[in-house]
$ cat protein.cif   # mmCIF, C-alpha atoms
data_final
#
loop_
_atom_site.label_atom_id
_atom_site.label_comp_id
_atom_site.auth_asym_id
_atom_site.auth_seq_id
_atom_site.Cartn_x
_atom_site.Cartn_y
_atom_site.Cartn_z
CA MET A 1 0.00 0.00 0.00
CA ARG A 2 2.82 2.35 0.89
CA ALA A 3 4.58 1.39 -2.30
CA LEU A 4 1.44 2.17 -4.27
CA SER A 5 1.01 5.62 -2.73
CA LEU A 6 4.70 6.34 -3.35
CA LEU A 7 4.19 5.41 -7.00
CA PHE A 8 1.16 7.73 -7.11
CA CYS A 9 3.21 10.60 -5.70
CA LEU A 10 5.97 9.99 -8.26
CA CYS A 11 3.45 10.08 -11.08
CA VAL A 12 1.93 13.32 -9.87
CA ALA A 13 5.40 14.83 -9.56
CA ALA A 14 6.40 13.65 -13.01
CA GLY A 15 3.28 15.03 -14.68
CA PRO A 16 4.26 18.70 -14.79
CA ALA A 17 7.79 17.77 -15.82
CA ILE A 18 6.47 16.05 -18.94
CA ALA A 19 4.24 19.02 -19.70
CA ALA A 20 7.14 21.43 -19.22
CA GLY A 21 9.11 19.39 -21.76
CA ASP A 22 6.54 20.25 -24.42
CA ALA A 23 8.71 22.79 -26.17
CA ASN A 24 11.46 20.25 -26.80
CA VAL A 25 9.60 17.00 -27.21
CA SER A 26 6.22 17.77 -28.61
CA PRO A 27 3.88 14.90 -27.85
CA ALA A 28 2.63 14.96 -31.43
CA LEU A 29 5.86 15.35 -33.41
CA THR A 30 8.81 13.08 -32.82
CA VAL A 31 12.19 14.12 -34.13
CA SER A 32 14.97 11.56 -34.30
CA ASP A 33 18.47 11.11 -35.74
CA ALA A 34 18.92 14.85 -36.29
CA TRP A 35 22.38 15.99 -37.38
CA ALA A 36 24.03 18.79 -39.29
CA ARG A 37 26.94 18.45 -41.68
CA ALA A 38 30.14 20.19 -40.63
CA THR A 39 31.54 22.95 -42.83
CA VAL A 40 34.97 24.37 -43.50
CA GLU A 41 35.97 28.01 -43.25
CA GLY A 42 34.37 29.94 -46.10
CA GLN A 43 31.38 27.67 -46.63
CA THR A 44 28.22 29.62 -45.92
CA GLY A 45 25.64 26.86 -46.14
CA SER A 46 25.04 23.30 -44.99
CA GLY A 47 22.38 20.66 -44.61
CA VAL A 48 20.52 19.31 -41.59
CA PHE A 49 19.06 15.82 -41.70
CA MET A 50 16.52 14.10 -39.46
CA HIS A 51 13.53 11.81 -39.21
CA LEU A 52 10.10 13.19 -38.37
CA MET A 53 7.05 11.30 -37.22
CA SER A 54 3.77 12.97 -36.46
CA ARG A 55 1.00 11.12 -34.66
CA GLN A 56 -1.62 12.99 -36.63
CA ASP A 57 -1.52 14.41 -40.14
CA ALA A 58 0.67 17.49 -40.05
CA GLN A 59 2.65 19.82 -42.29
CA LEU A 60 6.17 21.05 -41.78
CA LEU A 61 6.16 24.72 -42.75
CA GLY A 62 9.76 25.66 -42.17
CA ALA A 63 12.45 26.12 -39.59
CA SER A 64 14.65 28.76 -38.06
CA SER A 65 18.00 28.65 -36.35
CA PRO A 66 20.28 31.11 -34.61
CA ALA A 67 23.14 29.48 -36.54
CA ALA A 68 22.01 30.73 -39.96
CA GLN A 69 20.45 33.79 -41.53
CA ARG A 70 17.87 31.69 -43.32
CA VAL A 71 16.60 28.13 -43.06
CA GLU A 72 14.63 26.41 -45.82
CA ILE A 73 13.14 23.02 -46.54
CA HIS A 74 14.64 21.68 -49.75
CA GLU A 75 13.66 18.92 -52.04
CA MET A 76 16.53 17.26 -53.89
CA ARG A 77 15.98 15.42 -57.16
CA VAL A 78 18.25 13.60 -59.53
CA VAL A 79 16.57 13.47 -62.94
CA ASN A 80 18.49 12.07 -65.91
CA GLY A 81 21.66 12.29 -63.86
CA MET A 82 21.09 15.97 -63.11
CA MET A 83 20.83 17.01 -59.46
CA SER A 84 18.63 19.94 -58.62
CA MET A 85 17.45 21.44 -55.36
CA GLN A 86 14.19 23.23 -54.90
CA ARG A 87 12.87 25.14 -51.93
CA ILE A 88 9.47 23.76 -50.95
CA GLU A 89 6.74 25.65 -49.11
CA HIS A 90 5.76 22.75 -46.89
CA LEU A 91 6.31 19.05 -46.37
CA ASP A 92 3.41 16.73 -45.60
CA LEU A 93 3.84 14.54 -42.53
CA PRO A 94 1.21 11.79 -42.82
CA ALA A 95 -0.01 10.41 -39.49
CA GLY A 96 2.21 7.69 -38.07
CA LYS A 97 4.62 7.69 -40.99
CA THR A 98 8.29 8.41 -40.53
CA VAL A 99 9.38 11.04 -43.03
CA ALA A 100 13.12 11.12 -43.67
CA LEU A 101 14.69 14.48 -44.26
CA GLU A 102 17.67 12.92 -45.98
CA HIS A 103 18.28 12.12 -49.65
CA ASP A 104 15.00 13.47 -51.05
CA PHE A 105 14.58 16.29 -48.55
CA HIS A 106 16.79 18.23 -46.21
CA ILE A 107 16.80 21.37 -44.16
CA MET A 108 19.15 23.91 -45.71
CA LEU A 109 21.02 26.39 -43.58
CA ILE A 110 21.80 29.53 -45.58
CA GLY A 111 24.16 32.25 -44.43
CA LEU A 112 25.94 30.42 -41.64
CA LYS A 113 27.18 32.79 -38.98
CA GLN A 114 30.24 30.62 -38.34
CA PRO A 115 31.61 27.28 -39.55
CA LEU A 116 29.89 24.23 -38.10
CA GLN A 117 32.44 22.32 -36.05
CA VAL A 118 32.31 18.60 -35.41
CA GLY A 119 31.42 17.79 -31.81
CA ARG A 120 29.31 20.90 -31.35
CA SER A 121 25.63 21.14 -32.13
CA ILE A 122 23.17 23.61 -33.50
CA SER A 123 19.67 24.31 -32.34
CA LEU A 124 16.82 24.88 -34.68
CA THR A 125 13.09 25.29 -34.34
CA LEU A 126 10.70 23.47 -36.61
CA HIS A 127 7.46 25.24 -37.44
CA TRP A 128 4.54 23.01 -38.28
CA LEU A 129 0.76 22.82 -38.56
CA ASP A 130 -1.32 20.10 -36.96
CA ALA A 131 -4.45 18.58 -38.52
CA THR A 132 -6.66 21.30 -37.00
CA GLY A 133 -4.55 24.02 -38.56
CA ALA A 134 -2.96 25.07 -35.27
CA ARG A 135 0.66 26.18 -35.45
CA HIS A 136 3.34 24.54 -33.32
CA SER A 137 7.05 24.90 -32.78
CA THR A 138 9.42 22.10 -31.89
CA ASN A 139 12.98 22.70 -30.82
CA VAL A 140 15.65 20.36 -32.14
CA VAL A 141 19.27 20.04 -31.16
CA ALA A 142 21.28 18.65 -34.05
CA PRO A 143 24.81 17.44 -33.32
CA ILE A 144 27.34 18.43 -35.96
CA ARG A 145 28.85 15.45 -37.73
CA ALA A 146 31.95 15.25 -39.88
CA LEU A 147 31.82 16.61 -43.39
CA ASN A 148 32.27 13.15 -44.85
CA SER A 149 29.36 11.62 -42.93
CA ALA A 150 27.01 9.68 -45.13
CA VAL A 151 23.30 9.90 -44.61
CA LYS A 152 21.91 6.53 -43.60
CA SER A 153 20.88 4.45 -46.55
CA SER A 154 17.14 4.38 -46.97
CA SER A 155 14.63 3.44 -49.61
CA ALA A 156 15.72 6.47 -51.58
CA GLY A 157 19.34 5.61 -51.05
CA LYS A 158 21.47 3.01 -52.62
CA ARG A 159 20.92 0.42 -55.24
CA ASP A 160 23.29 -2.08 -56.79
CA MET B 1 59.28 -48.89 -77.05
CA ILE B 2 55.86 -47.12 -77.04
CA ASP B 3 52.87 -49.37 -77.42
CA ALA B 4 49.56 -48.34 -79.00
CA SER B 5 47.66 -47.86 -75.70
CA ALA B 6 50.32 -45.52 -74.31
CA ARG B 7 50.11 -43.46 -77.49
CA ARG B 8 46.32 -43.30 -77.20
CA ARG B 9 46.68 -42.14 -73.57
CA THR B 10 49.05 -39.39 -74.62
CA ILE B 11 46.65 -38.25 -77.32
CA ALA B 12 43.75 -38.27 -74.81
CA VAL B 13 45.74 -36.16 -72.33
CA VAL B 14 46.73 -33.68 -75.07
CA LEU B 15 43.11 -33.45 -76.23
CA ALA B 16 41.87 -32.92 -72.65
CA LEU B 17 44.45 -30.20 -72.05
CA GLY B 18 43.52 -28.59 -75.35
CA ALA B 19 39.85 -28.60 -74.35
CA ILE B 20 40.66 -26.96 -70.99
CA VAL B 21 42.76 -24.26 -72.67
CA LEU B 22 40.01 -23.63 -75.24
CA ALA B 23 37.30 -23.47 -72.57
CA THR B 24 39.40 -21.01 -70.53
CA LEU B 25 39.94 -18.84 -73.58
CA VAL B 26 36.25 -18.82 -74.39
CA LEU B 27 35.23 -18.05 -70.80
CA THR B 28 37.75 -15.26 -70.28
CA SER B 29 37.05 -13.66 -73.62
CA ARG B 30 33.29 -13.92 -73.25
CA TRP B 31 33.05 -10.31 -72.17
CA ALA B 32 35.48 -9.01 -74.74
CA LEU B 33 33.87 -10.89 -77.60
CA PRO B 34 30.15 -10.29 -77.38
CA TRP B 35 29.45 -12.42 -80.47
CA LEU B 36 30.33 -15.53 -78.44
CA GLY B 37 27.53 -14.97 -75.99
CA GLY B 38 25.02 -13.04 -78.06
CA GLU B 39 24.40 -9.59 -76.61
CA GLY B 40 25.72 -10.66 -73.20
CA PRO B 41 25.41 -8.68 -69.98
CA SER B 42 27.32 -5.40 -69.78
CA ARG B 43 30.66 -5.90 -68.12
CA PHE B 44 30.03 -2.82 -65.95
CA HIS B 45 27.39 -1.81 -63.41
CA GLY B 46 27.58 1.73 -64.74
CA ARG B 47 26.89 2.86 -68.30
CA ASP B 48 29.64 1.79 -70.67
CA VAL B 49 30.58 4.77 -72.85
CA THR B 50 33.78 3.24 -74.24
CA SER B 51 32.48 3.04 -77.81
CA GLU B 52 31.44 6.71 -77.74
CA ASN B 53 35.11 7.82 -77.74
CA TRP B 54 34.44 11.01 -75.82
CA ALA B 55 38.04 12.27 -75.68
CA ALA B 56 36.98 14.09 -72.52
CA ASP B 57 39.63 16.20 -70.82
CA PHE B 58 40.13 19.37 -68.80
CA SER B 59 42.64 21.99 -67.87
CA LEU B 60 42.03 22.96 -64.24
CA SER B 61 44.04 24.01 -61.21
CA ASP B 62 44.41 22.19 -57.92
CA ALA B 63 44.34 23.99 -54.57
CA SER B 64 48.04 24.84 -54.83
CA GLY B 65 47.53 26.42 -58.26
CA GLN B 66 49.12 23.61 -60.27
CA VAL B 67 47.35 23.06 -63.59
CA HIS B 68 46.26 19.51 -64.37
CA THR B 69 44.94 17.68 -67.39
CA LEU B 70 43.90 14.04 -67.55
CA ARG B 71 47.38 13.20 -68.86
CA ASP B 72 48.74 13.79 -65.34
CA PHE B 73 46.80 10.78 -64.10
CA ARG B 74 47.86 8.21 -66.70
CA GLY B 75 48.44 4.84 -65.10
CA LYS B 76 45.58 5.39 -62.68
CA VAL B 77 41.86 4.87 -62.92
CA VAL B 78 40.25 8.26 -62.29
CA LEU B 79 36.93 8.83 -60.53
CA LEU B 80 35.67 12.29 -61.42
CA SER B 81 32.63 14.11 -60.14
CA PHE B 82 31.35 17.63 -60.59
CA GLY B 83 29.99 19.47 -57.59
CA TYR B 84 30.33 22.42 -55.24
CA THR B 85 31.09 22.73 -51.57
CA HIS B 86 27.81 24.42 -50.67
CA CYS B 87 26.00 21.31 -51.94
CA PRO B 88 24.49 19.82 -48.76
CA ASP B 89 23.99 16.20 -49.70
CA VAL B 90 24.80 14.86 -53.16
CA CYS B 91 28.39 16.08 -53.42
CA PRO B 92 29.62 15.01 -49.98
CA THR B 93 27.78 11.70 -50.42
CA THR B 94 29.58 11.11 -53.72
CA LEU B 95 32.99 11.99 -52.26
CA ALA B 96 32.30 9.74 -49.25
CA LYS B 97 31.47 7.01 -51.77
CA PHE B 98 34.83 7.51 -53.51
CA ALA B 99 36.55 7.10 -50.14
CA GLU B 100 34.56 3.92 -49.57
CA VAL B 101 35.60 2.64 -53.03
CA ARG B 102 39.24 3.15 -52.05
CA ARG B 103 38.70 1.21 -48.82
CA ILE B 104 37.02 -1.64 -50.71
CA LEU B 105 39.85 -1.79 -53.26
CA GLY B 106 42.57 -2.07 -50.60
CA VAL B 107 46.03 -2.15 -52.22
CA HIS B 108 44.49 -1.50 -55.65
CA ALA B 109 43.47 1.96 -54.39
CA GLN B 110 47.02 3.13 -55.07
CA ARG B 111 46.07 3.12 -58.74
CA VAL B 112 42.87 5.11 -58.25
CA GLN B 113 42.66 8.91 -58.24
CA ALA B 114 39.51 10.78 -57.20
CA LEU B 115 38.97 14.26 -58.62
CA PHE B 116 36.35 16.78 -57.51
CA VAL B 117 35.70 19.49 -60.09
CA THR B 118 33.84 22.49 -58.74
CA VAL B 119 31.05 23.95 -60.87
CA ASP B 120 30.94 26.93 -58.51
CA PRO B 121 34.44 28.42 -58.91
CA ALA B 122 33.17 31.88 -57.89
CA ARG B 123 32.55 30.68 -54.33
CA ASP B 124 34.82 27.63 -54.21
CA SER B 125 38.17 29.30 -53.83
CA ALA B 126 41.39 27.30 -53.76
CA GLN B 127 41.40 27.78 -49.98
CA ILE B 128 37.93 26.32 -49.54
CA LEU B 129 38.76 23.35 -51.79
CA ARG B 130 41.99 22.77 -49.86
CA ALA B 131 40.05 22.68 -46.59
CA TYR B 132 37.11 20.70 -47.95
CA VAL B 133 38.31 17.92 -50.26
CA PRO B 134 40.89 16.18 -48.00
CA ASN B 135 38.15 15.63 -45.41
CA PHE B 136 37.09 12.68 -47.50
CA ASP B 137 40.54 11.29 -48.29
CA PRO B 138 43.94 12.96 -48.24
CA SER B 139 44.64 11.70 -51.76
CA PHE B 140 41.62 13.40 -53.32
CA ILE B 141 42.23 16.42 -55.51
CA GLY B 142 39.87 19.37 -55.83
CA LEU B 143 40.05 21.21 -59.15
CA ARG B 144 38.80 24.60 -60.24
CA GLY B 145 39.09 26.82 -63.25
CA THR B 146 37.78 29.97 -64.84
CA PRO B 147 34.12 29.83 -65.90
CA GLU B 148 35.34 29.08 -69.45
CA GLN B 149 37.61 26.23 -68.30
CA THR B 150 34.80 24.87 -66.13
CA ASP B 151 32.36 25.01 -69.05
CA ALA B 152 34.84 23.22 -71.32
CA ALA B 153 35.46 20.46 -68.75
CA VAL B 154 31.76 19.92 -68.11
CA ARG B 155 30.95 19.87 -71.84
CA SER B 156 33.69 17.42 -72.67
CA PHE B 157 32.17 14.92 -70.22
CA HIS B 158 28.73 15.46 -71.78
CA ALA B 159 27.62 16.79 -68.40
CA SER B 160 25.80 19.99 -67.57
CA TYR B 161 25.38 22.53 -64.80
CA GLN B 162 23.36 25.61 -64.17
CA ILE B 163 23.89 28.29 -61.56
CA VAL B 164 20.54 29.16 -60.04
CA ASP B 165 20.02 32.28 -57.95
CA ARG B 166 17.00 31.87 -55.70
CA HIS B 167 16.50 35.10 -53.77
CA GLY B 168 20.22 35.50 -53.22
CA GLU B 169 20.84 31.86 -52.40
CA ILE B 170 23.08 30.38 -55.08
CA ALA B 171 22.49 26.74 -55.90
CA VAL B 172 24.14 24.89 -58.73
CA ASP B 173 22.12 22.23 -60.47
CA HIS B 174 24.61 19.81 -61.95
CA THR B 175 25.20 16.32 -63.26
CA ALA B 176 25.58 14.09 -60.21
CA SER B 177 27.05 11.09 -62.03
CA THR B 178 30.57 9.75 -61.59
CA TYR B 179 32.89 9.51 -64.60
CA VAL B 180 35.32 6.61 -64.57
CA ILE B 181 38.40 7.12 -66.72
CA ASP B 182 40.80 4.28 -67.44
CA ASP B 183 44.57 4.35 -66.93
CA ARG B 184 45.07 5.55 -70.51
CA GLY B 185 42.82 8.57 -70.17
CA ASN B 186 39.74 7.17 -71.91
CA THR B 187 36.36 7.82 -70.31
CA ARG B 188 34.83 4.37 -69.97
CA ILE B 189 31.93 4.39 -67.52
CA VAL B 190 29.27 6.80 -66.28
CA THR B 191 27.94 5.73 -62.91
CA PRO B 192 24.60 7.09 -61.66
CA TYR B 193 24.53 8.95 -58.35
CA ASP B 194 22.65 6.23 -56.51
CA GLN B 195 24.88 3.36 -57.50
CA SER B 196 26.60 1.73 -54.52
CA ALA B 197 30.27 2.00 -53.64
CA HIS B 198 30.56 -1.76 -54.11
CA ALA B 199 29.24 -1.63 -57.68
CA LEU B 200 31.59 1.26 -58.48
CA ALA B 201 34.54 -0.57 -56.90
CA GLU B 202 33.80 -3.63 -59.02
CA ASP B 203 33.77 -1.52 -62.19
CA VAL B 204 37.06 0.11 -61.20
CA LEU B 205 38.57 -3.31 -60.56
CA VAL B 206 37.55 -4.52 -64.02
CA LEU B 207 39.40 -1.54 -65.52
CA LEU B 208 42.44 -2.06 -63.29
CA GLN B 209 42.71 -5.70 -64.26
CA SER B 210 42.07 -5.39 -67.99
CA ARG B 211 44.93 -4.50 -70.23
#
$ encode --input "protein.cif" --output "structure tokens"
Amino acid sequence: MRALSLLFCLCVAAGPAIAAGDANVSPALTVSDAWARATVEGQTGSGVFMHLMSRQDAQLLGASSPAAQRVEIHEMRVVNGMMSMQRIEHLDLPAGKTVALEHDFHIMLIGLKQPLQVGRSISLTLHWLDATGARHSTNVVAPIRALNSAVKSSSAGKRD
Amino acid sequence: MIDASARRRTIAVVLALGAIVLATLVLTSRWALPWLGGEGPSRFHGRDVTSENWAADFSLSDASGQVHTLRDFRGKVVLLSFGYTHCPDVCPTTLAKFAEVRRILGVHAQRVQALFVTVDPARDSAQILRAYVPNFDPSFIGLRGTPEQTDAAVRSFHASYQIVDRHGEIAVDHTASTYVIDDRGNTRIVTPYDQSAHALAEDVLVLLQSR
């Protein structure tokens, strides 16, 4: 009985902590495997890669970061051997589906304020709409990985 | 004195050896002589452009200012890609793949040279290339030229690029394929961006072992 009441107290105490964590770990949008590619002196842009999973249908509208003047969502295509990148206005996040921002999509940092150094990290805020049209922000901390890091192979990745 | 059965045995052994030699010749030349096996599968994973006789070449400077042409890399199989350092994904992924090809090839990697030709020479200074390219492998060489030299290099590989200014953000759409040049300077294979390092390494090995 004492154990049970102790458990109850712990749960009550933990409740507000979970709520307070909202800004970082939104209950509706899960961000995983986020990382940014390191840059060398003189490079003014780089890519950020991650996996997103929304519990309900949602739309990623954009992102912002104190590390760069501008942040955009880019779609990358290779058509007839030609690579092109296009800024997109939004990215659909279908309910329950993991959307990879790697290979086909990435977050582009434009106008870096300083080179991205391996071992450090950058913070960025994702702006997104839920199914009701309400706007949300989710903070992400992306560790900076070496310039030669490969994005994980995925369905869009490698073939033999 | 040699009796008839011994002579027959000798003839049988000679015939058997002859058959083995013939079979070996046929099997090893199967790729080189397509008429033996009909159309036959391509000997490469990538697109074989040997018969197109491109005569592709360039005159571009490395990070120290030294001018190179393909002639400088005779005796090595060259992996060449076009790109730019502000490219967030495709270009570093390709260069990381070249490094992986070298690892797969082991000792054979000594006879492989990777070249990264920037299609954004306005931003990719020699200093940036010097800092950027060796991150993938110290042996890799970054090359840049004037816009005219860059155009000529890209055209000679039947590639293309286009500098796109989107509200002040410069992106360069460009051919993401890898060009594989044999040890005599002939462009032999065009490998698509999404082909694996293993497939590329196998193609390089075919070129290294064929003479």
$ resolve_selection --input "protein.cif" --expression "the PyMOL selection byres ((chain B and resi 161) around 6)" --output "number ranges by chain"
B: 160, 162, 173-174
$ write_last_selection --input "protein.cif" --atoms "C-alpha atoms" --output "CSV table (one decimal), keeping the file's coordinate frame"
chain,number,residue,atom,x,y,z
B,160,SER,CA,25.8,20.0,-67.6
B,162,GLN,CA,23.4,25.6,-64.2
B,173,ASP,CA,22.1,22.2,-60.5
B,174,HIS,CA,24.6,19.8,-62.0
$ resolve_selection --input "protein.cif" --expression "the PyMOL selection byres ((chain A) within 10 of (chain B))" --output "MDAnalysis selection string"
chainID A and resid 36:49 70 76:87 102:111 146:151 156:160
$ atom_distance --input "protein.cif" --atom1 "atom CA of B:Arg155" --atom2 "atom CA of B:Ser64"
24.6 Å
$ resolve_selection --input "protein.cif" --expression "the PyMOL selection byres ((chain B and resi 142) around 8)" --output "list in words"
Asp62, Ala63, Leu115, Phe116, Val117, Thr118, Leu129, Arg130, Val133, Phe140, Ile141, Leu143 and Arg144 of chain B
$ atom_distance --input "protein.cif" --atom1 "atom CA of B:Leu205" --atom2 "atom CA of B:Tyr84"
27.5 Å
$ atom_distance --input "protein.cif" --atom1 "atom CA of B:Thr187" --atom2 "atom CA of B:Gln110"
19.2 Å
$ closest_residue --input "protein.cif" --among "A:Leu93, A:Ala67, A:Ala134, A:Val99" --to "A:Ile122" --atoms "all atoms listed in the file"
A:Ala67
$ closest_residue --input "protein.cif" --among "B:Ala12, B:Leu207, B:Ala56, B:Ala153" --to "B:Val119" --atoms "only C-alpha atoms"
B:Ala153
$ decode --input "protein.cif" --residues "stretch 113-155 of chain A" --atoms "C-alpha atoms" --output "compact mmCIF listing (two decimals), in the first residue's frame"
# COMPACT_ATOMS: atom_id res chain seq x y z
CA LYS A 113 27.18 32.79 -38.98
CA GLN A 114 30.24 30.62 -38.34
CA PRO A 115 31.61 27.28 -39.55
CA LEU A 116 29.89 24.23 -38.10
CA GLN A 117 32.44 22.32 -36.05
CA VAL A 118 32.31 18.60 -35.41
CA GLY A 119 31.42 17.79 -31.81
CA ARG A 120 29.31 20.90 -31.35
CA SER A 121 25.63 21.14 -32.13
CA ILE A 122 23.17 23.61 -33.50
CA SER A 123 19.67 24.31 -32.34
CA LEU A 124 16.82 24.88 -34.68
CA THR A 125 13.09 25.29 -34.34
CA LEU A 126 10.70 23.47 -36.61
CA HIS A 127 7.46 25.24 -37.44
CA TRP A 128 4.54 23.01 -38.28
CA LEU A 129 0.76 22.82 -38.56
CA ASP A 130 -1.32 20.10 -36.96
CA ALA A 131 -4.45 18.58 -38.52
CA THR A 132 -6.66 21.30 -37.00
CA GLY A 133 -4.55 24.02 -38.56
CA ALA A 134 -2.96 25.07 -35.27
CA ARG A 135 0.66 26.18 -35.45
CA HIS A 136 3.34 24.54 -33.32
CA SER A 137 7.05 24.90 -32.78
CA THR A 138 9.42 22.10 -31.89
CA ASN A 139 12.98 22.70 -30.82
CA VAL A 140 15.65 20.36 -32.14
CA VAL A 141 19.27 20.04 -31.16
CA ALA A 142 21.28 18.65 -34.05
CA PRO A 143 24.81 17.44 -33.32
CA ILE A 144 27.34 18.43 -35.96
CA ARG A 145 28.85 15.45 -37.73
CA ALA A 146 31.95 15.25 -39.88
CA LEU A 147 31.82 16.61 -43.39
CA ASN A 148 32.27 13.15 -44.85
CA SER A 149 29.36 11.62 -42.93
CA ALA A 150 27.01 9.68 -45.13
CA VAL A 151 23.30 9.90 -44.61
CA LYS A 152 21.91 6.53 -43.60
CA SER A 153 20.88 4.45 -46.55
CA SER A 154 17.14 4.38 -46.97
CA SER A 155 14.63 3.44 -49.61
